[in-house]
>>> print(open('data-v2.pdb').read())   # PDB, C-alpha atoms, pLDDT in the B column
ATOM      1  CA  GLY F   1      18.500  -5.772  -7.452  1.00 52.00           C
ATOM      2  CA  GLN F   2      15.557  -3.709  -6.204  1.00 72.00           C
ATOM      3  CA  ALA F   3      12.151  -4.380  -7.731  1.00 78.00           C
ATOM      4  CA  MET F   4       8.630  -2.995  -7.372  1.00 82.00           C
ATOM      5  CA  LEU F   5       5.452  -5.061  -7.496  1.00 86.00           C
ATOM      6  CA  VAL F   6       2.428  -3.634  -9.330  1.00 82.00           C
ATOM      7  CA  ALA F   7      -0.985  -5.310  -9.420  1.00 87.00           C
ATOM      8  CA  GLU F   8      -3.699  -5.132 -12.046  1.00 86.00           C
ATOM      9  CA  ALA F   9      -7.096  -6.818 -11.894  1.00 90.00           C
ATOM     10  CA  PHE F  10      -5.930 -10.388 -12.537  1.00 93.00           C
ATOM     11  CA  ALA F  11      -2.115 -10.333 -12.438  1.00 91.00           C
ATOM     12  CA  VAL F  12       0.931  -9.037 -10.574  1.00 91.00           C
ATOM     13  CA  HIS F  13       4.013  -7.630 -12.296  1.00 86.00           C
ATOM     14  CA  SER F  14       7.548  -7.034 -11.059  1.00 86.00           C
ATOM     15  CA  LEU F  15       9.227  -3.808 -12.228  1.00 77.00           C
ATOM     16  CA  ASN F  16      13.011  -3.565 -12.096  1.00 75.00           C
ATOM     17  CA  LEU F  17      14.018  -0.290 -10.409  1.00 70.00           C
ATOM     18  CA  SER F  18      17.462  -0.223 -11.993  1.00 69.00           C
ATOM     19  CA  PRO F  19      17.904   2.886 -14.194  1.00 63.00           C
ATOM     20  CA  LEU F  20      19.185   0.631 -16.971  1.00 62.00           C
ATOM     21  CA  ALA F  21      16.023  -1.512 -16.927  1.00 58.00           C
ATOM     22  CA  LYS F  22      13.780   1.428 -17.968  1.00 57.00           C
ATOM     23  CA  GLY F  23      10.649  -0.003 -16.310  1.00 53.00           C
ATOM     24  CA  VAL F  24      10.846  -3.491 -17.868  1.00 59.00           C
ATOM     25  CA  SER F  25       8.240  -5.740 -16.206  1.00 67.00           C
ATOM     26  CA  GLN F  26       7.619  -9.461 -15.852  1.00 79.00           C
ATOM     27  CA  ASP F  27       4.848 -11.550 -14.324  1.00 86.00           C
ATOM     28  CA  ALA F  28       5.223 -12.302 -10.613  1.00 87.00           C
ATOM     29  CA  LEU F  29       3.652 -14.529  -7.915  1.00 90.00           C
ATOM     30  CA  MET F  30       2.190 -16.841 -10.555  1.00 91.00           C
ATOM     31  CA  ASP F  31       2.482 -20.019  -8.445  1.00 91.00           C
ATOM     32  CA  CYS F  32       0.885 -18.358  -5.419  1.00 92.00           C
ATOM     33  CA  LEU F  33      -1.990 -16.913  -7.448  1.00 93.00           C
ATOM     34  CA  ALA F  34      -2.594 -20.330  -9.032  1.00 93.00           C
ATOM     35  CA  GLU F  35      -3.221 -21.757  -5.549  1.00 93.00           C
ATOM     36  CA  ALA F  36      -6.164 -19.388  -4.966  1.00 94.00           C
ATOM     37  CA  PRO F  37      -8.490 -19.680  -7.994  1.00 95.00           C
ATOM     38  CA  ASP F  38     -11.592 -18.516  -6.083  1.00 96.00           C
ATOM     39  CA  PHE F  39      -9.784 -15.393  -4.895  1.00 96.00           C
ATOM     40  CA  MET F  40      -8.436 -14.674  -8.370  1.00 96.00           C
ATOM     41  CA  SER F  41     -11.817 -15.188 -10.014  1.00 95.00           C
ATOM     42  CA  ARG F  42     -12.963 -11.963  -8.329  1.00 95.00           C
ATOM     43  CA  GLY F  43      -9.789 -10.047  -9.043  1.00 96.00           C
ATOM     44  CA  ILE F  44      -7.208  -7.999  -7.156  1.00 95.00           C
ATOM     45  CA  GLY F  45      -8.072  -4.690  -5.519  1.00 93.00           C
ATOM     46  CA  GLY F  46      -4.651  -3.635  -4.236  1.00 92.00           C
ATOM     47  CA  LEU F  47      -1.197  -4.756  -3.149  1.00 93.00           C
ATOM     48  CA  SER F  48       1.144  -4.164  -0.213  1.00 92.00           C
ATOM     49  CA  VAL F  49       4.532  -5.684   0.631  1.00 89.00           C
ATOM     50  CA  GLU F  50       5.613  -6.537   4.174  1.00 84.00           C
ATOM     51  CA  CYS F  51       8.955  -7.719   5.514  1.00 80.00           C
ATOM     52  CA  SER F  52       9.889  -8.819   9.004  1.00 73.00           C
ATOM     53  CA  HIS F  53      11.793  -6.219  11.009  1.00 65.00           C
ATOM     54  CA  GLU F  54      14.925  -8.314  10.501  1.00 64.00           C
ATOM     55  CA  GLY F  55      14.272  -8.343   6.747  1.00 62.00           C
ATOM     56  CA  VAL F  56      14.564 -12.128   6.686  1.00 70.00           C
ATOM     57  CA  GLU F  57      11.060 -12.911   5.431  1.00 80.00           C
ATOM     58  CA  CYS F  58       8.921 -10.887   3.024  1.00 85.00           C
ATOM     59  CA  HIS F  59       5.353 -11.322   1.742  1.00 88.00           C
ATOM     60  CA  ALA F  60       3.069  -9.684  -0.773  1.00 92.00           C
ATOM     61  CA  LEU F  61      -0.406  -8.936   0.565  1.00 94.00           C
ATOM     62  CA  LEU F  62      -3.081  -8.734  -2.133  1.00 95.00           C
ATOM     63  CA  LEU F  63      -6.424  -7.122  -1.322  1.00 96.00           C
ATOM     64  CA  GLY F  64      -9.360  -8.901  -2.962  1.00 96.00           C
ATOM     65  CA  ALA F  65     -11.549  -6.882  -5.315  1.00 95.00           C
ATOM     66  CA  THR F  66     -14.510  -7.379  -2.943  1.00 95.00           C
ATOM     67  CA  GLY F  67     -12.589  -5.616  -0.155  1.00 95.00           C
ATOM     68  CA  LYS F  68     -13.427  -8.414   2.281  1.00 96.00           C
ATOM     69  CA  ASN F  69     -10.432 -10.734   2.001  1.00 97.00           C
ATOM     70  CA  ALA F  70      -6.737 -10.759   1.151  1.00 96.00           C
ATOM     71  CA  LEU F  71      -4.123 -13.206  -0.090  1.00 96.00           C
ATOM     72  CA  ARG F  72      -0.643 -13.428   1.463  1.00 93.00           C
ATOM     73  CA  CYS F  73       2.117 -14.746  -0.820  1.00 92.00           C
ATOM     74  CA  ASN F  74       5.721 -15.523   0.132  1.00 89.00           C
ATOM     75  CA  LEU F  75       8.376 -13.582  -1.770  1.00 86.00           C
ATOM     76  CA  ASP F  76      11.167 -16.054  -1.026  1.00 78.00           C
ATOM     77  CA  GLY F  77      10.267 -18.357  -3.912  1.00 68.00           C
ATOM     78  CA  ALA F  78       7.844 -20.596  -1.994  1.00 67.00           C
ATOM     79  CA  SER F  79       4.394 -20.807  -3.562  1.00 66.00           C
ATOM     80  CA  LYS F  80       2.409 -21.020  -0.321  1.00 81.00           C
ATOM     81  CA  ALA F  81      -0.769 -18.898  -0.425  1.00 89.00           C
ATOM     82  CA  THR F  82      -2.631 -17.886   2.744  1.00 91.00           C
ATOM     83  CA  LEU F  83      -6.170 -16.510   2.486  1.00 95.00           C
ATOM     84  CA  LEU F  84      -7.095 -13.838   5.044  1.00 94.00           C
ATOM     85  CA  THR F  85     -10.608 -12.787   6.068  1.00 95.00           C
ATOM     86  CA  LEU F  86     -10.979  -9.040   6.701  1.00 96.00           C
ATOM     87  CA  HIS F  87     -13.983  -8.241   8.882  1.00 95.00           C
ATOM     88  CA  GLY F  88     -15.602  -4.803   9.003  1.00 95.00           C
ATOM     89  CA  GLY F  89     -15.207  -3.995   5.304  1.00 87.00           C
ATOM     90  CA  PRO F  90     -15.431  -3.650   2.457  1.00 95.00           C
ATOM     91  CA  TRP F  91     -11.959  -2.082   2.521  1.00 96.00           C
ATOM     92  CA  ARG F  92     -10.679  -0.052  -0.423  1.00 93.00           C
ATOM     93  CA  SER F  93      -6.950  -0.113   0.307  1.00 93.00           C
ATOM     94  CA  LEU F  94      -4.609  -2.107   2.527  1.00 93.00           C
ATOM     95  CA  ALA F  95      -1.146  -1.587   4.043  1.00 92.00           C
ATOM     96  CA  ALA F  96       0.890  -4.303   5.739  1.00 89.00           C
ATOM     97  CA  THR F  97       2.865  -3.495   8.892  1.00 85.00           C
ATOM     98  CA  GLY F  98       5.574  -6.160   8.834  1.00 76.00           C
ATOM     99  CA  ASN F  99       4.610  -8.088  11.963  1.00 76.00           C
ATOM    100  CA  GLY F 100       1.904 -10.256  10.360  1.00 75.00           C
ATOM    101  CA  ARG F 101      -0.599  -9.524  13.146  1.00 83.00           C
ATOM    102  CA  GLN F 102      -1.659  -5.980  12.260  1.00 89.00           C
ATOM    103  CA  LEU F 103      -2.778  -4.209   9.091  1.00 93.00           C
ATOM    104  CA  TRP F 104      -3.962  -0.731   8.185  1.00 93.00           C
ATOM    105  CA  ALA F 105      -6.905  -0.314   5.820  1.00 94.00           C
ATOM    106  CA  LEU F 106      -9.162   2.365   4.327  1.00 94.00           C
ATOM    107  CA  ARG F 107     -12.934   2.116   4.768  1.00 91.00           C
ATOM    108  CA  ASN F 108     -14.748   4.972   3.061  1.00 89.00           C
ATOM    109  CA  ASP F 109     -12.781   8.005   4.325  1.00 88.00           C
ATOM    110  CA  ARG F 110     -11.366   6.435   7.503  1.00 90.00           C
ATOM    111  CA  LEU F 111      -7.993   4.879   8.220  1.00 91.00           C
ATOM    112  CA  VAL F 112      -8.437   1.819  10.460  1.00 94.00           C
ATOM    113  CA  GLN F 113      -5.974  -0.529  12.128  1.00 93.00           C
ATOM    114  CA  LEU F 114      -6.916  -4.211  11.871  1.00 95.00           C
ATOM    115  CA  ALA F 115      -5.642  -6.784  14.368  1.00 92.00           C
ATOM    116  CA  SER F 116      -5.619 -10.561  14.127  1.00 90.00           C
ATOM    117  CA  ARG F 117      -8.640 -12.217  15.719  1.00 87.00           C
ATOM    118  CA  LEU F 118      -7.749 -14.341  18.738  1.00 82.00           C
ATOM    119  CA  GLY F 119      -7.729 -18.060  18.071  1.00 74.00           C
ATOM    120  CA  HIS F 120      -7.601 -17.828  14.273  1.00 65.00           C
ATOM    121  CA  HIS F 121      -3.833 -18.133  13.635  1.00 68.00           C
ATOM    122  CA  ASP F 122      -3.558 -14.696  11.981  1.00 75.00           C
ATOM    123  CA  SER F 123      -5.983 -15.687   9.212  1.00 88.00           C
ATOM    124  CA  GLU F 124      -8.802 -13.373  10.340  1.00 93.00           C
ATOM    125  CA  PHE F 125      -8.540  -9.650  11.093  1.00 95.00           C
ATOM    126  CA  VAL F 126     -10.973  -7.339  12.888  1.00 94.00           C
ATOM    127  CA  PRO F 127     -11.077  -3.517  13.349  1.00 95.00           C
ATOM    128  CA  HIS F 128      -8.986  -2.437  16.336  1.00 93.00           C
ATOM    129  CA  LEU F 129      -8.330   1.305  16.070  1.00 91.00           C
ATOM    130  CA  GLU F 130      -9.779   4.094  13.919  1.00 91.00           C
ATOM    131  CA  LEU F 131      -7.830   7.310  13.447  1.00 84.00           C
ATOM    132  CA  PRO F 132      -9.905  10.468  14.016  1.00 76.00           C
ATOM    133  CA  TYR F 133      -9.477  12.240  10.699  1.00 74.00           C
ATOM    134  CA  ARG F 134     -10.747  11.954   7.153  1.00 81.00           C
ATOM    135  CA  ILE F 135      -8.809  10.570   4.196  1.00 85.00           C
ATOM    136  CA  ALA F 136      -9.424  11.910   0.687  1.00 82.00           C
ATOM    137  CA  GLU F 137     -11.737   9.675  -1.336  1.00 82.00           C
ATOM    138  CA  ASN F 138      -9.228   9.477  -4.203  1.00 84.00           C
ATOM    139  CA  VAL F 139      -6.450   7.936  -2.068  1.00 89.00           C
ATOM    140  CA  THR F 140      -5.995   4.524  -3.685  1.00 86.00           C
ATOM    141  CA  TYR F 141      -2.653   3.250  -2.342  1.00 90.00           C
ATOM    142  CA  LEU F 142      -1.178   3.107   1.164  1.00 92.00           C
ATOM    143  CA  HIS F 143       2.351   2.424   2.384  1.00 92.00           C
ATOM    144  CA  ILE F 144       3.863   2.479   5.886  1.00 89.00           C
ATOM    145  CA  LEU F 145       7.388   3.775   6.326  1.00 84.00           C
ATOM    146  CA  SER F 146       9.803   1.220   7.752  1.00 78.00           C
ATOM    147  CA  ASP F 147       9.962   2.907  11.169  1.00 75.00           C
ATOM    148  CA  ALA F 148       6.115   2.905  11.368  1.00 76.00           C
ATOM    149  CA  ARG F 149       6.061   6.601  12.268  1.00 78.00           C
ATOM    150  CA  ALA F 150       4.042   7.687   9.244  1.00 85.00           C
ATOM    151  CA  MET F 151       1.591   6.388   6.660  1.00 89.00           C
ATOM    152  CA  LEU F 152       1.945   7.470   3.037  1.00 92.00           C
ATOM    153  CA  GLY F 153      -1.068   7.673   0.734  1.00 92.00           C
ATOM    154  CA  LEU F 154      -1.183   8.145  -3.023  1.00 92.00           C
ATOM    155  CA  GLU F 155      -4.157  10.187  -4.246  1.00 89.00           C
ATOM    156  CA  ALA F 156      -5.222   9.880  -7.880  1.00 76.00           C
ATOM    157  CA  GLY F 157      -6.045  12.955  -9.929  1.00 66.00           C
ATOM    158  CA  THR F 158      -9.664  14.008 -10.418  1.00 56.00           C
ATOM    159  CA  ALA F 159     -11.463  14.726 -13.686  1.00 49.00           C
ATOM    160  CA  SER F 160     -13.605  17.822 -14.190  1.00 44.00           C
ATOM    161  CA  SER F 161     -15.060  19.940 -16.998  1.00 42.00           C
ATOM    162  CA  ILE F 162     -11.807  21.918 -17.187  1.00 45.00           C
ATOM    163  CA  GLY F 163      -9.466  18.943 -17.296  1.00 49.00           C
ATOM    164  CA  THR F 164      -7.736  16.494 -14.957  1.00 52.00           C
ATOM    165  CA  SER F 165      -5.910  17.581 -11.821  1.00 64.00           C
ATOM    166  CA  GLY F 166      -2.658  15.952 -10.799  1.00 72.00           C
ATOM    167  CA  GLY F 167      -2.205  13.403  -8.062  1.00 85.00           C
ATOM    168  CA  TRP F 168      -0.909  13.951  -4.547  1.00 90.00           C
ATOM    169  CA  LEU F 169       1.333  12.133  -2.107  1.00 91.00           C
ATOM    170  CA  HIS F 170       0.084  12.532   1.466  1.00 91.00           C
ATOM    171  CA  ALA F 171       1.677  11.606   4.793  1.00 89.00           C
ATOM    172  CA  TRP F 172      -0.092  11.078   8.124  1.00 87.00           C
ATOM    173  CA  ARG F 173       1.456  10.510  11.511  1.00 82.00           C
ATOM    174  CA  LEU F 174       0.643   7.167  13.106  1.00 84.00           C
ATOM    175  CA  PRO F 175       0.031   6.747  16.873  1.00 78.00           C
ATOM    176  CA  VAL F 176       3.538   5.363  17.457  1.00 64.00           C
ATOM    177  CA  ALA F 177       4.821   8.904  16.931  1.00 47.00           C
ATOM    178  CA  GLU F 178       3.139   9.984  20.175  1.00 51.00           C
ATOM    179  CA  THR F 179       5.840   8.148  22.134  1.00 49.00           C
ATOM    180  CA  GLN F 180       8.114  11.047  21.209  1.00 51.00           C
ATOM    181  CA  ALA F 181       5.749  13.536  22.884  1.00 51.00           C
ATOM    182  CA  GLN F 182       4.539  14.758  19.493  1.00 52.00           C
ATOM    183  CA  PRO F 183       0.827  15.434  18.922  1.00 49.00           C
ATOM    184  CA  LEU F 184      -1.046  13.225  16.478  1.00 46.00           C
ATOM    185  CA  MET F 185      -1.447  15.307  13.315  1.00 48.00           C
ATOM    186  CA  PRO F 186      -4.098  14.600  10.621  1.00 45.00           C
ATOM    187  CA  ALA F 187      -1.655  15.189   7.761  1.00 57.00           C
ATOM    188  CA  VAL F 188       2.035  15.923   8.055  1.00 65.00           C
ATOM    189  CA  ARG F 189       2.273  17.286   4.544  1.00 82.00           C
ATOM    190  CA  SER F 190       1.139  16.832   0.945  1.00 88.00           C
ATOM    191  CA  TRP F 191       3.260  16.866  -2.203  1.00 90.00           C
ATOM    192  CA  PRO F 192       1.847  17.437  -5.725  1.00 90.00           C
ATOM    193  CA  LEU F 193       2.644  14.930  -8.479  1.00 89.00           C
ATOM    194  CA  PRO F 194       2.815  15.594 -12.256  1.00 84.00           C
ATOM    195  CA  SER F 195      -0.687  15.967 -13.715  1.00 80.00           C
ATOM    196  CA  HIS F 196      -0.031  14.375 -17.118  1.00 78.00           C
ATOM    197  CA  LEU F 197       0.532  10.907 -15.630  1.00 80.00           C
ATOM    198  CA  ARG F 198      -1.669   8.208 -14.138  1.00 79.00           C
ATOM    199  CA  TRP F 199      -0.258   6.598 -11.008  1.00 82.00           C
ATOM    200  CA  GLY F 200      -0.319   2.810 -10.588  1.00 77.00           C
ATOM    201  CA  GLY F 201       1.350   2.372  -7.199  1.00 83.00           C
ATOM    202  CA  PHE F 202       4.368   3.305  -5.126  1.00 87.00           C
ATOM    203  CA  CYS F 203       6.872   1.920  -2.619  1.00 86.00           C
ATOM    204  CA  THR F 204       9.921   2.953  -0.614  1.00 86.00           C
ATOM    205  CA  ALA F 205      13.470   1.595  -0.705  1.00 81.00           C
ATOM    206  CA  MET F 206      16.400   2.959   1.265  1.00 80.00           C
ATOM    207  CA  ASN F 207      15.858   6.753   1.348  1.00 85.00           C
ATOM    208  CA  SER F 208      13.686   7.048  -1.776  1.00 89.00           C
ATOM    209  CA  ILE F 209      10.036   6.772  -2.786  1.00 91.00           C
ATOM    210  CA  TYR F 210       9.399   5.109  -6.159  1.00 88.00           C
ATOM    211  CA  PHE F 211       6.230   5.641  -8.219  1.00 87.00           C
ATOM    212  CA  ALA F 212       4.926   3.548 -11.122  1.00 81.00           C
ATOM    213  CA  SER F 213       3.132   5.658 -13.691  1.00 80.00           C
ATOM    214  CA  ALA F 214       1.934   5.833 -17.281  1.00 67.00           C
ATOM    215  CA  ALA F 215       0.500   8.477 -19.564  1.00 63.00           C
ATOM    216  CA  LYS F 216      -3.270   8.927 -19.302  1.00 60.00           C
ATOM    217  CA  GLY F 217      -5.148   6.084 -21.005  1.00 59.00           C
ATOM    218  CA  ILE F 218      -2.242   3.604 -20.761  1.00 54.00           C
ATOM    219  CA  ASP F 219      -2.097   0.701 -18.293  1.00 54.00           C
ATOM    220  CA  PRO F 220       0.782   1.405 -15.823  1.00 51.00           C
ATOM    221  CA  ALA F 221       1.401  -2.325 -15.334  1.00 51.00           C
ATOM    222  CA  GLY F 222       2.048  -2.849 -19.052  1.00 52.00           C
ATOM    223  CA  HIS F 223       3.790   0.424 -19.999  1.00 62.00           C
ATOM    224  CA  ALA F 224       5.224   1.757 -16.766  1.00 64.00           C
ATOM    225  CA  THR F 225       7.733   4.471 -16.132  1.00 77.00           C
ATOM    226  CA  ILE F 226       9.404   4.828 -12.745  1.00 81.00           C
ATOM    227  CA  TRP F 227       9.664   8.158 -10.943  1.00 86.00           C
ATOM    228  CA  SER F 228      11.429   8.717  -7.643  1.00 88.00           C
ATOM    229  CA  MET F 229      11.829  11.324  -4.922  1.00 90.00           C
ATOM    230  CA  ASP F 230      13.775  11.457  -1.683  1.00 91.00           C
ATOM    231  CA  ILE F 231      11.821  10.675   1.474  1.00 89.00           C
ATOM    232  CA  PRO F 232      11.179  14.143   2.983  1.00 84.00           C
ATOM    233  CA  GLU F 233      13.407  15.013   5.917  1.00 80.00           C
ATOM    234  CA  GLU F 234      10.480  15.535   8.299  1.00 77.00           C
ATOM    235  CA  LEU F 235       9.529  11.860   7.837  1.00 79.00           C
ATOM    236  CA  VAL F 236      13.026  10.523   8.490  1.00 71.00           C
ATOM    237  CA  GLN F 237      14.211  10.244  12.065  1.00 59.00           C
TER     238      GLN F 237
END
>>> encode(input="data-v2.pdb", output="structure tokens")
Amino acid sequence: GQAMLVAEAFAVHSLNLSPLAKGVSQDALMDCLAEAPDFMSRGIGGLSVECSHEGVECHALLLGATGKNALRCNLDGASKATLLTLHGGPWRSLAATGNGRQLWALRNDRLVQLASRLGHHDSEFVPHLELPYRIAENVTYLHILSDARAMLGLEAGTASSIGTSGGWLHAWRLPVAETQAQPLMPAVRSWPLPSHLRWGGFCTAMNSIYFASAAKGIDPAGHATIWSMDIPEELVQ
């Protein structure tokens, strides 16, 4: 069945997306993480999942807490761990593209495309393209739609003297959309999310977006609930 991976500082959990499972989680990628003790000693800063365009091979890409490296783990049961060096950081969020040679990452308030460095067998990535608009500082998770036409970003709520505002789901057009004679837009649209929850990650499957969340003050990885929404029509070709 469909599952969602959620990372905390020193572990990764798999959440079953079946309505009957009610957000039950279990540890994931344990063999892969055990192969990278130096990486794990500093902790995990984020997670993205990539699959080949044929869907034959899938990997989890874990951003290191330092924002300067990442760990690629196979999702087919093999325990092989590949350490990636990310130049130009520190990066605060990472999104895999599916081809293994390009990534998207957030540095401060900029969305940057990283490309594999020549001669390093896709183990080192360098900045290649920076998009010309600003990303909100509270965007903590990124995800690319399967057709690569748009980037989704999950923005956490902000605390103030009058309370805590809710989170937001944002969408930005990526340069590939220009092939359809459409202008590159800073943000396609933003959708508000419930304010009483804390968001721990999101993903897409089929025609839906799934969010992992928990009440304020509770760890989403340990006590998660799953919310979903349809992918908006303007993002589906």
>>> residues_around(input="data-v2.pdb", residues="Leu145 in chain F", least_positions_apart="4", cutoff="12 Å", atoms="all atoms listed in the file", output="compact mmCIF listing (two decimals) with C-alpha atoms, in the coordinates of the input")
# COMPACT_ATOMS: atom_id res chain seq x y z
CA VAL F 49 4.53 -5.68 0.63
CA GLU F 50 5.61 -6.54 4.17
CA CYS F 51 8.96 -7.72 5.51
CA HIS F 53 11.79 -6.22 11.01
CA ALA F 95 -1.15 -1.59 4.04
CA ALA F 96 0.89 -4.30 5.74
CA THR F 97 2.86 -3.50 8.89
CA GLY F 98 5.57 -6.16 8.83
CA ARG F 149 6.06 6.60 12.27
CA ALA F 150 4.04 7.69 9.24
CA MET F 151 1.59 6.39 6.66
CA LEU F 152 1.94 7.47 3.04
CA GLY F 153 -1.07 7.67 0.73
CA ALA F 171 1.68 11.61 4.79
CA TRP F 172 -0.09 11.08 8.12
CA ARG F 173 1.46 10.51 11.51
CA LEU F 174 0.64 7.17 13.11
CA VAL F 176 3.54 5.36 17.46
CA PHE F 202 4.37 3.30 -5.13
CA CYS F 203 6.87 1.92 -2.62
CA THR F 204 9.92 2.95 -0.61
CA ALA F 205 13.47 1.60 -0.70
CA MET F 206 16.40 2.96 1.26
CA ASN F 207 15.86 6.75 1.35
CA SER F 208 13.69 7.05 -1.78
CA ILE F 209 10.04 6.77 -2.79
CA ILE F 231 11.82 10.68 1.47
CA PRO F 232 11.18 14.14 2.98
CA LEU F 235 9.53 11.86 7.84
CA VAL F 236 13.03 10.52 8.49
CA GLN F 237 14.21 10.24 12.06
>>> resolve_selection(input="data-v2.pdb", expression="the PyMOL selection byres ((chain F and resi 59-71) around 7)", output="list in words")
Phe39, Arg42, Gly43, Ile44, Gly45, Gly46, Leu47, Ser48, Val49, Glu50, Cys51, Glu57, Cys58, Arg72, Cys73, Asn74, Leu75, Ala81, Thr82, Leu83, Leu84, Thr85, Leu86, His87, Gly89, Pro90, Trp91, Arg92 and Leu94 of chain F
>>> atom_distance(input="data-v2.pdb", atom1="CA of Trp191 in chain F", atom2="CA of Gly167 in chain F")
8.7 Å
>>> atom_distance(input="data-v2.pdb", atom1="CA of Thr225 in chain F", atom2="CA of Val12 in chain F")
16.1 Å
>>> atom_distance(input="data-v2.pdb", atom1="CA of Gln102 in chain F", atom2="CA of Ser116 in chain F")
6.3 Å
>>> axis_aligned_box(input="data-v2.pdb", around="range 125-142 of chain F", padding_each_side="5 Å", output="JSON")
{"center_x": -6.5, "center_y": 1.3, "center_z": 6.1, "size_x": 20.6, "size_y": 31.9, "size_z": 30.5}
>>> closest_residue(input="data-v2.pdb", among="F:Ser228, F:Ser52, F:Ser146, F:Ser195", to="Gly100 in chain F", atoms="all atoms listed in the file")
F:Ser52
>>> closest_residue(input="data-v2.pdb", among="F:Ala148, F:Ala3, F:Val112, F:Met40", to="Arg134 in chain F", atoms="all atoms listed in the file")
F:Val112
>>> residues_near_point(input="data-v2.pdb", point="(-6.0, -9.8, 14.5)", cutoff="12 Å", atoms="only C-alpha atoms", output="list in words")
Leu84, Thr85, Leu86, His87, Asn99, Gly100, Arg101, Gln102, Leu103, Trp104, Gln113, Leu114, Ala115, Ser116, Arg117, Leu118, Gly119, His120, His121, Asp122, Ser123, Glu124, Phe125, Val126, Pro127, His128 and Leu129 of chain F
